[in-house]
Amino acid sequence: MDSKKAMYESLGISEKVYDFCSEIEKSLKNRFEEIDSICEQNQLKIIKAMQEAKLSEAHLSGTTGYGYNDLGREAIEKIYATVFKTEDALVRPQITCGTHALHLALAANLRPGDELLSPAGKPYDTLEEVIGIRESRGSLKEYGISYRQVDLLEDGSFNYEEIKKAIHSKTKMVAIQRSKGYQTRPTFSVKKIGELIAFLRNEKPDLIIMVDNCYGEFVELTEPSEVGADMVVGSLIKNPGGGLAPIGGYICGKKEYIENCSYRLTSPGLGKEVGATLGVNGLFLQGLFLAPQVVASALKGAIFAANIYEKLGYRVIPNSTESRHDIIQAVEFGNPEAVIAFCKGIQAAAPVDSFVEPEPWDMPGYDSQVIMAAGAFVSGSSIELSADAPIKPPYAVYFQGGLTYPHAKFGIMMSLQKVMEVSDFSI
């Protein structure tokens with residue numbers, strides 16, 4: 001037995017699983033080379049932005065108190081604006097998560113009487129309370145902001161005819177969710193988002209168009225802000241944080257809208273001038289530097305997973321050959337037992353809390369029990385190897401992350417090991 005196989009067996013991977021997965025991995029060489037090419041170009045883009053900002057060692061330290069004259073914070077926001085090709089950026093540890101960043105972008109730029117339109121159907125679960133689809137204190141609905149959505153067509157494409165009908169005098173902002181969330185629709189490519197934005201501009205030129213960019217950063221060579229989005233929004237404990245950012249979110253876009261966001265984040269009259277960085281500048285910058293490579297590792301893991309589970313007869317979204325526009329891989333099992341087993345496998349492969357068994361629970365912000373597996377160095381970091389799922393039909397699990405491809409590979413192999421224990425298929 002070779003030493004690599006022996007190492008996997010010592011970690012609980014059977015010879016059957018190892019051999020099955022190794023054959024699949026061999027077939028992915030060309031796909032992985034394509035990912036490496038995109039990674040290389042995005043890496044160079046980030047280096048160029050850092051060099052243009054004259055990034056220095058002095059920018060790596062943080063501030064306390066009010067955070068006045070934080071040179072590192074200013075450099076980070078200049079670099080983000082350059083990378084995403086926008087006029088301005090807000091990148092702060094005070095933005096606690098992706099949902100917070102999205103609420104900030106919405107609440108800062110909508111006023112009572114305005115209407116928000118979602119042309120991609122139902123938003124991600126945690127935004128339902130932000131918007132007021134599900135009643136919650138402080139929702140946009142409580143402030144007199146209405147909401148309308150247009151569901152996607154059966155093939156997952158935009159329903160342009162109904163979108164046109166939905167736009168009226170009160171429509172102020174359009175929110176486009178790039179990734180699928182807890183749905184089994186396709187993730188939208190930057191090209192598809194650009195086509196939708198062009199259509200929206202033709203219908204009503206003064207619309208504010210925001211793209212929820214979570215899980216999509218650096219998967220492609222361009223970002224939605226390069227095809228007309230007024231704001232792109234995301235979390236730093238996903239793709240752009242590179243696994244090093246301990247907290248934070250970003251909003252990149254037109255200067256007017258970013259200034260509005262800064263006044264909402266801090267206070268009218270203060271805006272971007274305050275907000276101590278408390279020593280995280282170096283982590284934000286190094287995480288961004290590493291992000292293209294980390295995203296490439298996560299993408300390879302997602303493609304590896306898709307090929308394995310598709311070969312076993314499960315529906316996978318995207319499928320094994322489709323182009324990729326985010327790091328999320330969905331596997332539709334059709335029963336809760338396999339979903340739970342999959343998540344237990346991901347947890348068992350973790351470097352942190354591998355001995356813990358995840359269980360479904362009533363997680364705040366969701367309308368059903370949710371199971372989450374994430375043995376991460378940064379709590380809740382979904383750029384690290386993780387899997388989660390709502391325990392409801394069609395019983396699909398959503399896998400993402402992997403700071404390194406070997407870890408993502410091991411996690412998928414362990415998930416297969418666990419799913420086999422509760423399923424009737426053989427390999």
# chains A, B, ... in the order shown; residues from 1 in each chain; ligands from 1

call {"tool": "residues_around", "arguments": {"residues": "Ile79 of chain A", "least_positions_apart": "5", "cutoff": "9 Å", "atoms": "only C-alpha atoms", "output": "ChimeraX atom specification"}}
result
/A:46,49-50,52-53,55,74,84,89

call {"tool": "write_last_selection", "arguments": {"atoms": "N, CA and C atoms", "output": "mmCIF file, in the first residue's frame"}}
result
data_model
loop_
_atom_site.group_PDB
_atom_site.id
_atom_site.type_symbol
_atom_site.label_atom_id
_atom_site.label_comp_id
_atom_site.auth_asym_id
_atom_site.auth_seq_id
_atom_site.Cartn_x
_atom_site.Cartn_y
_atom_site.Cartn_z
ATOM 1 N N ILE A 46 -4.791 41.624 -7.822
ATOM 2 C CA ILE A 46 -4.714 42.085 -6.427
ATOM 3 C C ILE A 46 -3.341 42.652 -6.119
ATOM 4 N N ALA A 49 -3.158 46.110 -7.548
ATOM 5 C CA ALA A 49 -3.916 47.083 -6.751
ATOM 6 C C ALA A 49 -3.146 47.473 -5.490
ATOM 7 N N MET A 50 -2.496 46.524 -4.866
ATOM 8 C CA MET A 50 -1.717 46.806 -3.663
ATOM 9 C C MET A 50 -0.494 47.666 -3.989
ATOM 10 N N GLU A 52 -0.257 49.749 -6.562
ATOM 11 C CA GLU A 52 -0.732 51.084 -6.930
ATOM 12 C C GLU A 52 -1.104 51.912 -5.702
ATOM 13 N N ALA A 53 -1.548 51.243 -4.637
ATOM 14 C CA ALA A 53 -1.886 51.942 -3.395
ATOM 15 C C ALA A 53 -0.654 52.232 -2.546
ATOM 16 N N LEU A 55 1.114 50.153 -0.851
ATOM 17 C CA LEU A 55 0.944 49.463 0.421
ATOM 18 C C LEU A 55 2.289 49.290 1.108
ATOM 19 N N GLU A 74 -7.749 53.146 5.255
ATOM 20 C CA GLU A 74 -7.884 53.896 4.003
ATOM 21 C C GLU A 74 -7.242 53.142 2.838
ATOM 22 N N PHE A 84 -12.237 45.885 -7.418
ATOM 23 C CA PHE A 84 -13.607 45.726 -7.914
ATOM 24 C C PHE A 84 -13.986 46.786 -8.944
ATOM 25 N N ALA A 89 -15.169 52.297 -1.599
ATOM 26 C CA ALA A 89 -15.414 51.037 -0.902
ATOM 27 C C ALA A 89 -15.529 51.293 0.592
#

call {"tool": "residues_around", "arguments": {"residues": "Arg201 of chain A", "least_positions_apart": "3", "cutoff": "12 Å", "atoms": "only C-alpha atoms", "output": "list in words"}}
result
Lys164, Ile167, Met173, Val174, Gly194, Glu195, Leu196, Ile197, Ala198, Lys204, Pro205, Asp206, Leu207, Ile208, Ile209, Val227, Gly228, Ala229 and Asp230 of chain A

call {"tool": "write_last_selection", "arguments": {"atoms": "C-alpha atoms", "output": "PDB file, in the first residue's frame"}}
result
ATOM      1  CA  LYS A 164     -40.608  44.767 -16.918  1.00  0.00           C
ATOM      2  CA  ILE A 167     -40.862  48.117 -12.412  1.00  0.00           C
ATOM      3  CA  MET A 173     -33.493  49.587  -5.932  1.00  0.00           C
ATOM      4  CA  VAL A 174     -32.981  46.168  -7.476  1.00  0.00           C
ATOM      5  CA  GLY A 194     -24.617  42.171 -16.875  1.00  0.00           C
ATOM      6  CA  GLU A 195     -27.384  41.310 -19.339  1.00  0.00           C
ATOM      7  CA  LEU A 196     -30.011  41.789 -16.633  1.00  0.00           C
ATOM      8  CA  ILE A 197     -28.483  45.106 -15.559  1.00  0.00           C
ATOM      9  CA  ALA A 198     -28.519  46.383 -19.154  1.00  0.00           C
ATOM     10  CA  LYS A 204     -35.516  52.742 -15.675  1.00  0.00           C
ATOM     11  CA  PRO A 205     -32.070  54.387 -15.854  1.00  0.00           C
ATOM     12  CA  ASP A 206     -32.056  55.777 -12.302  1.00  0.00           C
ATOM     13  CA  LEU A 207     -32.453  52.413 -10.546  1.00  0.00           C
ATOM     14  CA  ILE A 208     -29.887  51.598  -7.873  1.00  0.00           C
ATOM     15  CA  ILE A 209     -28.655  48.090  -8.636  1.00  0.00           C
ATOM     16  CA  VAL A 227     -20.901  45.137 -15.772  1.00  0.00           C
ATOM     17  CA  GLY A 228     -22.942  47.973 -14.314  1.00  0.00           C
ATOM     18  CA  ALA A 229     -23.781  47.139 -10.691  1.00  0.00           C
ATOM     19  CA  ASP A 230     -23.897  50.245  -8.482  1.00  0.00           C
TER      20      ASP A 230
END

call {"tool": "closest_residue", "arguments": {"among": "A:Met7, A:Glu332, A:Ala376, A:Tyr263", "to": "Asp353 of chain A", "atoms": "only C-alpha atoms"}}
result
A:Ala376

call {"tool": "closest_residue", "arguments": {"among": "A:Thr184, A:Ser139, A:Ser189, A:Thr96", "to": "Arg315 of chain A", "atoms": "only C-alpha atoms"}}
result
A:Thr184

call {"tool": "closest_residue", "arguments": {"among": "A:Ile163, A:Leu153, A:Cys252, A:Ala276", "to": "Ser61 of chain A", "atoms": "only C-alpha atoms"}}
result
A:Ala276

call {"tool": "residues_around", "arguments": {"residues": "Cys214 of chain A", "least_positions_apart": "5", "cutoff": "12 Å", "atoms": "only C-alpha atoms", "output": "PyMOL selection string"}}
result
chain A and resi 97-99+101-102+124+176-181+187-188+219+223-224+232-241+249-251+325-328+382-383+400

call {"tool": "write_last_selection", "arguments": {"atoms": "C-alpha atoms", "output": "compact mmCIF listing (two decimals), in the first residue's frame"}}
result
# COMPACT_ATOMS: atom_id res chain seq x y z
CA CYS A 97 -21.48 39.47 8.54
CA GLY A 98 -22.83 39.26 5.00
CA THR A 99 -26.43 39.80 6.10
CA ALA A 101 -23.53 44.23 4.91
CA LEU A 102 -26.60 43.64 2.74
CA TYR A 124 -31.56 34.16 0.99
CA ILE A 176 -29.66 40.62 -7.44
CA GLN A 177 -28.49 37.59 -5.51
CA ARG A 178 -25.63 36.03 -7.44
CA SER A 179 -25.41 32.75 -5.56
CA LYS A 180 -28.21 30.23 -5.11
CA GLY A 181 -28.56 30.35 -1.31
CA THR A 187 -25.84 30.63 -9.78
CA PHE A 188 -25.71 33.61 -12.12
CA VAL A 219 -14.40 32.73 -9.22
CA GLU A 223 -16.99 41.07 -10.94
CA PRO A 224 -20.58 42.39 -11.22
CA VAL A 232 -21.40 44.79 -4.81
CA VAL A 233 -21.67 43.42 -1.29
CA GLY A 234 -20.05 40.55 0.56
CA SER A 235 -18.59 39.05 3.71
CA LEU A 236 -14.91 38.88 4.61
CA ILE A 237 -15.30 35.45 6.21
CA LYS A 238 -16.19 34.19 2.76
CA ASN A 239 -14.08 34.50 -0.40
CA PRO A 240 -12.28 37.87 -0.12
CA GLY A 241 -11.06 37.30 3.44
CA GLY A 249 -17.80 42.82 5.35
CA TYR A 250 -17.40 45.02 2.31
CA ILE A 251 -19.49 47.21 0.05
CA HIS A 325 -19.83 31.08 -10.87
CA ASP A 326 -19.58 30.59 -7.10
CA ILE A 327 -17.92 28.16 -4.70
CA ILE A 328 -21.12 26.42 -3.54
CA SER A 382 -17.72 29.56 5.09
CA ILE A 383 -14.59 29.95 2.99
CA GLN A 400 -18.43 25.14 0.21

call {"tool": "select_by_dssp", "arguments": {"residues": "segment 239-395 of chain A", "states": "strand (DSSP E)", "output": "PyMOL selection string"}}
result
chain A and resi 249-253+315-317+329-332+370-373+386-390
